[in-house]
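**Student:** Mind looking over this structure? Questions follow.
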Amino acid sequence: MRHFIYLLLLICSLTATGQEAESFRVDTLSDAVFSRMLGKSYPEGCSVARSDLRLLSVLHYDANGYTMKGQMVCHKSIASDLLDIFRQLYEARYPIERMTLIDDYDADDEHSMTANNTSCFCYRPIAGSKRLSKHAQGLAVDINPLYNPCVKKKSDGKTTIQPAAGAPYADRRKPSPYKLKRGDLCYRLFVEHGFHWGGEWKTVKDYQHFER
C-alpha cells in the first residue's frame, strides 16, 4: 500500500511538472494569434517580419498570490531570455498583475498601461516622436506599467506621466506591491540578461521599461 501511495504521488508530481513546463513555452505566431494582431500591434506597413516574432506563454503570480496565465509577443532574439526571466520570477512569486497581448486593448498603449498590463511588441513610435520605439522591434518589455510610470520633465518645467493614471506612483517613495525598483529581482534578472532599465535614464525615467 505504501509503495502504491508513493507511486501515485510520483505520478501526480510528474504530471504537475509536465503541465508547468508546458505553460512556459515559445512558439511561432499561429494564424489565430497573427489575425488578432493585424491592424493593431501589427499595422499595415510594419517592417518587422512575422517570422521574426515569437509568442511567449508563461505563468505568473499577481499580488494576491493567484497564479495567472500570461502571453506576450516579442522578437525571437530575446524570447529564450524572457522565458528564463519570467520562469524565475514565477518561482520567486514576484507579482505581475496582468500579461496579455496589447491587441486586447486595440494596441492602445495608454489603455494597456492603465490596465497595468505587462507587454512587449507593438509597432509604434516613441510617444511624442516619429522615431520607432524598441517595442516596435519587440525588444522592449514594460512591467506593471501603471505602478511604474514613465516620467518626462520638459524644458518648460512641465512633467508628463504615462500612463496618466500612474501619476500617484511617479513619487517613487510611494509603496505598491507592484513597484519595480533598482536591485529587486526583476531588475537583476533583466540586467543579467543584457537589458537596460529605463528607470536609470537621465532625461526620462521610464520605471516600467526594459530594453535590449
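Chains: A, B, ... in order of the C-alpha cells. Residues: from 1 per chain. Ligands: from 1, in order shown.
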Applying 12 Å and only C-alpha atoms, which residues near Arg173 of chain A remain after dropping the ones on its own chain fewer than 6 positions away? List them as a list in words.
**Tutor:**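 Those residues are Tyr147, Asn148, Lys179, Leu180 and Lys181 of chain A.
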**Student:** Go ahead and save the picked residues with N, CA and C atoms, as an mmCIF file, in the first residue's frame.
**Tutor:**
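selection35.cif, freshly written:
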```
data_model
loop_
_atom_site.group_PDB
_atom_site.id
_atom_site.type_symbol
_atom_site.label_atom_id
_atom_site.label_comp_id
_atom_site.auth_asym_id
_atom_site.auth_seq_id
_atom_site.Cartn_x
_atom_site.Cartn_y
_atom_site.Cartn_z
ATOM 1 N N TYR A 147 1.908 51.125 -12.103
ATOM 2 C CA TYR A 147 2.590 51.435 -10.850
ATOM 3 C C TYR A 147 4.059 51.812 -11.048
ATOM 4 N N ASN A 148 4.505 51.772 -12.302
ATOM 5 C CA ASN A 148 5.884 52.132 -12.642
ATOM 6 C C ASN A 148 5.865 53.017 -13.886
ATOM 7 N N LYS A 179 5.541 47.706 -7.306
ATOM 8 C CA LYS A 179 6.626 48.667 -7.524
ATOM 9 C C LYS A 179 7.889 47.957 -7.973
ATOM 10 N N LEU A 180 8.502 48.467 -9.030
ATOM 11 C CA LEU A 180 9.741 47.926 -9.580
ATOM 12 C C LEU A 180 10.866 48.897 -9.207
ATOM 13 N N LYS A 181 11.916 48.388 -8.635
ATOM 14 C CA LYS A 181 12.998 49.284 -8.229
ATOM 15 C C LYS A 181 14.359 48.653 -8.498
#
```
**Student:** Which residues of segment 169-202 of chain A sit at most 10 Å from segment 50-69 of chain A, using only C-alpha atoms? Give each one's shortest atom pair and distance in Å (one decimal place), in chain and ascending residue order, as a tab-separated table.
**Tutor:**
```
residue	atom	partner	partner_atom	distance
A:Ser176	CA	A:Ala63	CA	9.6
A:Pro177	CA	A:Ala63	CA	6.2
A:Tyr178	CA	A:Ala63	CA	7.2
```
**Student:** Would you list the contacts of Lys152 of chain A as a tab-separated table (two decimals) with N, CA and C atoms, in the first residue's frame, taking every protein, DNA or RNA residue within 9 Å and counting only C-alpha atoms, but skipping same-chain residues closer than 4 positions in sequence?
**Tutor:**
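Listed below is the output, part32.tsv:
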```
chain	number	residue	atom	x	y	z
A	158	LYS	N	7.21	71.55	-17.32
A	158	LYS	CA	6.06	70.67	-17.19
A	158	LYS	C	6.51	69.20	-17.17
A	159	THR	N	5.72	68.38	-16.52
A	159	THR	CA	6.01	66.96	-16.42
A	159	THR	C	4.86	66.16	-17.02
A	160	THR	N	5.18	65.21	-17.89
A	160	THR	CA	4.17	64.31	-18.42
A	160	THR	C	4.40	62.92	-17.85
A	161	ILE	N	3.31	62.25	-17.55
A	161	ILE	CA	3.38	60.93	-16.94
A	161	ILE	C	2.55	59.96	-17.75
A	162	GLN	N	3.13	58.82	-18.10
A	162	GLN	CA	2.43	57.80	-18.85
A	162	GLN	C	2.48	56.46	-18.11
A	203	THR	N	17.29	61.86	-18.71
A	203	THR	CA	16.28	62.87	-19.02
A	203	THR	C	14.85	62.35	-18.86
A	204	VAL	N	14.69	61.05	-18.98
A	204	VAL	CA	13.38	60.41	-18.82
A	204	VAL	C	13.54	59.26	-17.84
A	205	LYS	N	12.57	59.11	-16.97
A	205	LYS	CA	12.58	57.98	-16.05
A	205	LYS	C	11.41	57.07	-16.42
A	206	ASP	N	11.74	55.98	-17.10
A	206	ASP	CA	10.72	55.04	-17.55
A	206	ASP	C	10.82	53.79	-16.67
```
**Student:** So which residues touch His111 of chain A within 12 Å, counting only C-alpha atoms, skipping near sequence neighbours fewer than 4 positions away, as a PyMOL selection string?
**Tutor:** chain A and resi 102-107+115-119+145-146+162-166
**Student:** Since we have the selection now, will you write its residues out, keeping C-alpha atoms, as a PDB file, in the first residue's frame?
**Tutor:**
```pdb
ATOM      1  CA  ILE A 102      -1.693  44.595 -26.251  1.00  0.00           C
ATOM      2  CA  ASP A 103      -4.101  43.856 -29.103  1.00  0.00           C
ATOM      3  CA  ASP A 104      -6.713  43.156 -26.425  1.00  0.00           C
ATOM      4  CA  TYR A 105      -6.528  46.925 -25.856  1.00  0.00           C
ATOM      5  CA  ASP A 106      -6.574  47.686 -29.610  1.00  0.00           C
ATOM      6  CA  ALA A 107      -2.813  48.304 -29.358  1.00  0.00           C
ATOM      7  CA  ALA A 115      -4.840  48.297 -17.011  1.00  0.00           C
ATOM      8  CA  ASN A 116      -1.375  47.527 -15.586  1.00  0.00           C
ATOM      9  CA  ASN A 117      -0.761  45.149 -18.469  1.00  0.00           C
ATOM     10  CA  THR A 118       2.780  43.839 -18.921  1.00  0.00           C
ATOM     11  CA  SER A 119       3.579  43.738 -22.656  1.00  0.00           C
ATOM     12  CA  PRO A 145       3.277  49.932 -16.046  1.00  0.00           C
ATOM     13  CA  LEU A 146       0.511  51.569 -14.015  1.00  0.00           C
ATOM     14  CA  GLN A 162       2.428  57.800 -18.853  1.00  0.00           C
ATOM     15  CA  PRO A 163       0.007  56.370 -18.154  1.00  0.00           C
ATOM     16  CA  ALA A 164      -1.722  59.440 -16.752  1.00  0.00           C
ATOM     17  CA  ALA A 165      -3.447  57.245 -14.169  1.00  0.00           C
ATOM     18  CA  GLY A 166       0.001  56.325 -12.853  1.00  0.00           C
TER      19      GLY A 166
END
```
**Student:** Please extract the residues of segment 5-178 of chain A with a backbone DSSP assignment of alpha helix (DSSP H) and present them as a PyMOL selection string.
**Tutor:** chain A and resi 5-23+31-37+79-91+109-114
**Student:** From the options A:Ser41, A:Ser155, A:Ser80, A:Ser112, which residue's atoms come nearest to His135 of chain A, counting only C-alpha atoms?
**Tutor:**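 Of A:Ser41, A:Ser155, A:Ser80, A:Ser112, the one nearest His135 of chain A is A:Ser41, counting only C-alpha atoms.
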**Student:** Would you mind reading off the distance between atom CA of Glu200 of chain A and atom CA of Leu139 of chain A, one decimal, in Å?
**Tutor:**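 Computed distance, atom CA of Glu200 of chain A to atom CA of Leu139 of chain A, equals 17.5 Å.
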**Student:** Between A:Asp156, A:Asp142, A:Asp31, A:Asp108, which has the minimum distance to Cys120 of chain A (counting only C-alpha atoms)?
**Tutor:**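 Between A:Asp156, A:Asp142, A:Asp31, A:Asp108, the residue approaching Cys120 of chain A most closely is A:Asp142.
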**Student:** Of the candidates A:Gln208, A:Gln71, A:Ser77, A:Ser133, which shows the shortest atom-to-atom distance to Gly194 of chain A, using only C-alpha atoms?
**Tutor:**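 Of all the options, A:Ser77 lies closest to Gly194 of chain A.
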**Student:** Which one of A:Ala49, A:Cys122, A:Tyr207, A:Gly138 sits closest to Val151 of chain A if you count only C-alpha atoms?
**Tutor:**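 Smallest separation from Val151 of chain A among the options: A:Tyr207.
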**Student:** For a quick check of understanding, using only C-alpha atoms, which of A:Asp84, A:Glu211, A:Glu192, A:Glu97 has the smallest distance to Ala136 of chain A?
**Tutor:**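 When distances to Ala136 of chain A are compared using only C-alpha atoms, the smallest one comes from A:Glu211.
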**Student:** Go through A:Leu82, A:Cys150, A:Leu132, A:Leu185 and flag the residue nearest Val48 of chain A, using only C-alpha atoms for the distances.
**Tutor:**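 Once distances to Val48 of chain A are computed over only C-alpha atoms, the minimum belongs to A:Leu132.
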**Student:** Quick one: distance from atom CA of Cys46 of chain A to atom CA of Tyr123 of chain A in Å, one decimal?
**Tutor:** 6.7 Å
**Student:** If you run DSSP on this backbone, which residues of chain A come out as strand (DSSP E or B), and could you give them as JSON, numbers by chain?
**Tutor:** {"A": [25, 26, 27, 28, 38, 42, 53, 54, 55, 56, 57, 58, 59, 60, 61, 67, 68, 69, 70, 71, 72, 73, 74, 75, 95, 98, 117, 119, 125, 132, 140, 141, 142, 150, 151, 152, 153, 159, 160, 161, 162, 196, 197, 204, 205, 206, 209, 210, 211]}
**Student:** By how many Å are atom CA of Leu189 of chain A and atom CA of Pro175 of chain A apart?
**Tutor:**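 Separation between atom CA of Leu189 of chain A and atom CA of Pro175 of chain A: 21.6 Å.
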